[in-house]
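Here is the structure we will look at.
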Amino acid sequence: MTISINKAIMQRAILAAVIFALGVSSFSSLAQTYPYKPIRLIVPFAAGGSTDVLARVVGQKLSQKLGQQIIVDNRAGAGGTIGTEIAAKAVPDGYTLVVGTTSTLAINESLYHKLNYDISRDFAPITLLAKGPFVLMVTPSLPVTTLKDLIDYAKANPGKLSIASSGNGTSVHLSAELFKIVAGIPQVAHVPYKGGGPAGFALMAGEVQMMINDLPPAIGPIRSGKLRALAVADAKRTQLLPDVPTFAEAGLPGYESLSWFGLLAPATTLAAVISTLNTVTVNILRDDPDIKERFVALGVDPFGSTPAELTRYARAEARKWADVIRRANIRIEE
C-alpha cells in the first residue's frame, strides 16, 4: 500500500512538473512573439486633454515600431481612479497598458481612502514618459510684476487674494497649496472650479488673482497679454516661455511642481514584455525628433527611464504630495 501511495505521489509530481514546463514554454513563446494583436492603452482622463494627446502621440509611434495597432481607451472619472482601477484589474498579458500621471501615481493614494488598487502592488512600471513645469500666472490688473512683488503684496494684504484651481485635490490645487506653504502666505484663499478651463477664464476675468497651471492652456493667454507669468516651477526655464524665470531665479528656491507621465502595465506582466516595451518606448522618446517637437508643444520634455527609475521618482513624488495634503488638511468627499 505504501509503495502504491508513493508511486501515485511521484506520478502527480511528474505531471505537475510537465505542466509547469509547458506553461513556462508557452509564456516564453508569448514573450518572443509579442505583440501579435492590438494593444489597449488606457487613458484615465477625458479625450482632448494633455494626457490624452500625449498618449495618442506615444501610441502612434509605438504602433509603428511594434507593428500592431495601439487603441487609446479613455476611461475618465474620479480624478483618474476609474481608468487606473480598470488597468490594475486587467489581464497581465502585455495587451493592456495605462498612462499614469502626477495625480494617479503620486497624489490619489493619499487623497482617496477607498482606492480599489495599490500603485506599488498592482502595477509594473515601464518608463517615465515626460515631465513639464507648472507656471504661476496672475491677472494683469494685479499691481505686481515679479514673484517677490506678489509674495510681498499677499503678506501686506492678508485675506485679499485668491488662487484658482481646476478642482479640489487636483495637481493644480496641490501646486497652489505647496506655493502657499513655501512662500509663507497661508491667507491666500483657494477657489476650486470644475476644470482648468473655467478656472482660467475666471482668472482672466479677475474673479481670482492667481493660478498655477500646466503650460499648454497657459501659453496662449500669457503670450496675448491676458495673463502675466511670474515664474515656472522647474529647475530650468522652459523654451516655450524663455523670458519667464524659474522660482529659484525669482527668489523662491525650494518650490518645484511638475506635470509628469508614466507608462505602466498590470502587475505580473512578463518581464520580457516589460523589457520590450521599455526598450522601444525609450528609443522613441530619445531618438525621434517628431516626438520632441510634439511634446514641447504640449509643454513637456520627453524623458525615458528604466522601470526602477520610474518607481523611485513616483515614490518620491508621493511622499512630497502626501505631506502637502496633510499640512493643507485637504480632504475629498467620497
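Each chain in the C-alpha cells gets a letter, A, B and so on, in the order shown; residues start at 1 in every chain, and ligands are counted from 1 in the order they appear.
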Name all residues at most 9 Å from segment 264-278 of chain A (count only C-alpha atoms; drop same-chain ones fewer than 3 positions away) and give them as a VMD selection string.
chain A and resid 27 to 28 30 to 32 34 to 35 62 66 87 to 100 120 to 127 281 to 283 304 to 307
Test item: residues at most 7 Å from Val232 of chain A, only C-alpha atoms, excluding those fewer than 2 positions along its chain, as a PyMOL selection string:
chain A and resi 133-136+234+237+244-247
Mind pulling up the distance from atom CA of Gly169 of chain A to atom CA of Met210 of chain A?
17.5 Å
Quick one: DSSP helix (DSSP H, G or I) residues in segment 267-301 of chain A, as a ChimeraX atom specification?
/A:271-287,289-297
Find the spatial neighbours of segment 222-230 of chain A, counting only C-alpha atoms, within a cut-off of 7 Å - ignore same-chain residues fewer than 3 positions away - and output them as a PyMOL selection string.
chain A and resi 135-140+146-147+204+218-219+244
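Across the structure, atom CA of Arg327 of chain A and atom CA of Val191 of chain A are spaced 17.7 Å apart.
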Here is a test: counting only C-alpha atoms, which residue of A:Pro38, A:Leu178, A:Arg312, A:Arg286 is nearest to Gln64 of chain A?
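Of A:Pro38, A:Leu178, A:Arg312, A:Arg286, the one nearest Gln64 of chain A, counting only C-alpha atoms, is A:Pro38.
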Could you check which of A:Gln68, A:Asn74, A:Ser110, A:Ser259 is closest to Asn329 of chain A, using only C-alpha atoms?
A:Ser110
With DSSP run on the backbone, what are the strand (DSSP E or B) residues within segment 137-292 of chain A? I'd like them as a VMD selection string.
chain A and resid 137 to 138 162 to 165 189 to 192 210 to 214 228 to 232 246 258 to 266
Show which residues sit within 12 Å of Ala297 of chain A, as a ChimeraX atom specification. Count only C-alpha atoms, and ignore same-chain residues fewer than 4 positions away.
/A:50,53-54,57,132,215-220,238-241,290-293,301-302
Excluding Ile330 of chain A and residues on its chain fewer than 2 positions from it, collect all residues at most 9 Å away from it, counting only C-alpha atoms, and give them as a short mmCIF file (atom, residue, chain, number, x, y, z; two decimals) with N, CA and C atoms, in the first residue's frame.
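So the final result, stored in part.cif, reads:
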data_model
loop_
_atom_site.label_atom_id
_atom_site.label_comp_id
_atom_site.auth_asym_id
_atom_site.auth_seq_id
_atom_site.Cartn_x
_atom_site.Cartn_y
_atom_site.Cartn_z
N LEU A 111 -5.03 60.94 -1.15
CA LEU A 111 -6.24 61.76 -1.22
C LEU A 111 -7.51 60.94 -1.04
N ASN A 168 -10.77 70.52 -6.34
CA ASN A 168 -10.17 70.04 -5.10
C ASN A 168 -9.37 68.75 -5.33
N GLY A 169 -8.16 68.73 -4.82
CA GLY A 169 -7.36 67.53 -4.90
C GLY A 169 -6.60 67.33 -6.19
N LEU A 174 -2.95 71.19 -5.48
CA LEU A 174 -1.83 70.90 -4.59
C LEU A 174 -0.63 71.78 -4.89
N VAL A 324 2.03 67.61 1.59
CA VAL A 324 1.23 68.80 1.29
C VAL A 324 -0.24 68.57 1.66
N ILE A 325 -0.76 67.40 1.33
CA ILE A 325 -2.16 67.07 1.66
C ILE A 325 -2.38 67.12 3.16
N ARG A 326 -1.42 66.59 3.90
CA ARG A 326 -1.52 66.59 5.37
C ARG A 326 -1.46 68.01 5.92
N ARG A 327 -0.48 68.79 5.46
CA ARG A 327 -0.29 70.13 6.01
C ARG A 327 -1.42 71.08 5.63
N ALA A 328 -1.98 70.89 4.44
CA ALA A 328 -3.08 71.75 3.99
C ALA A 328 -4.44 71.20 4.40
N ILE A 332 -11.16 64.87 0.35
CA ILE A 332 -12.09 64.67 -0.76
C ILE A 332 -13.25 63.82 -0.26
#
Just the number, please: distance in Å from atom CA of Lys180 of chain A to atom CA of Lys155 of chain A, one decimal.
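Rounded to one decimal, the two atoms are 10.9 Å apart.
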Compare A:Val43, A:Ala106, A:Ile70, A:Leu115 by their minimum atom-to-atom distance to Arg315 of chain A, counting only C-alpha atoms, and give me the closest one.
A:Ala106
Can you work out which one of A:Val300, A:Ala46, A:Val208, A:Ala183 has the shortest atom-to-atom distance to Ala78 of chain A, counting only C-alpha atoms?
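Once distances to Ala78 of chain A are computed over only C-alpha atoms, the minimum belongs to A:Ala46.
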Write out as a PDB file with C-alpha atoms, in the first residue's frame each polymer residue whose atoms come within 8 Å of Gly83 of chain A, counting only C-alpha atoms; drop sequence neighbours fewer than 5 positions from it.
ATOM      1  CA  ILE A  42      -5.975  53.229 -21.123  1.00  0.00           C
ATOM      2  CA  VAL A  43      -6.067  56.977 -20.523  1.00  0.00           C
ATOM      3  CA  PRO A  44      -7.830  57.653 -17.205  1.00  0.00           C
ATOM      4  CA  PHE A  45      -8.950  61.111 -18.330  1.00  0.00           C
ATOM      5  CA  ASN A  74     -10.433  56.909 -22.438  1.00  0.00           C
ATOM      6  CA  ARG A  75     -11.884  55.937 -19.051  1.00  0.00           C
ATOM      7  CA  ALA A  76     -12.341  59.239 -17.244  1.00  0.00           C
ATOM      8  CA  GLY A  77     -13.731  59.928 -13.795  1.00  0.00           C
TER       9      GLY A  77
END
Residues near segment 199-203 of chain A, anyone? I mean within 8 Å using only C-alpha atoms, not counting same-chain ones fewer than 3 positions away, as a ChimeraX atom specification.
/A:138-139,164-166,192-196,206-211,227
Return the single residue from A:Val188, A:Ala250, A:Ala314, A:Ile163 that is closest to Lys148 of chain A, with distances computed using only C-alpha atoms.
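Looking at the shortest contact to Lys148 of chain A, the residue is A:Ala250.
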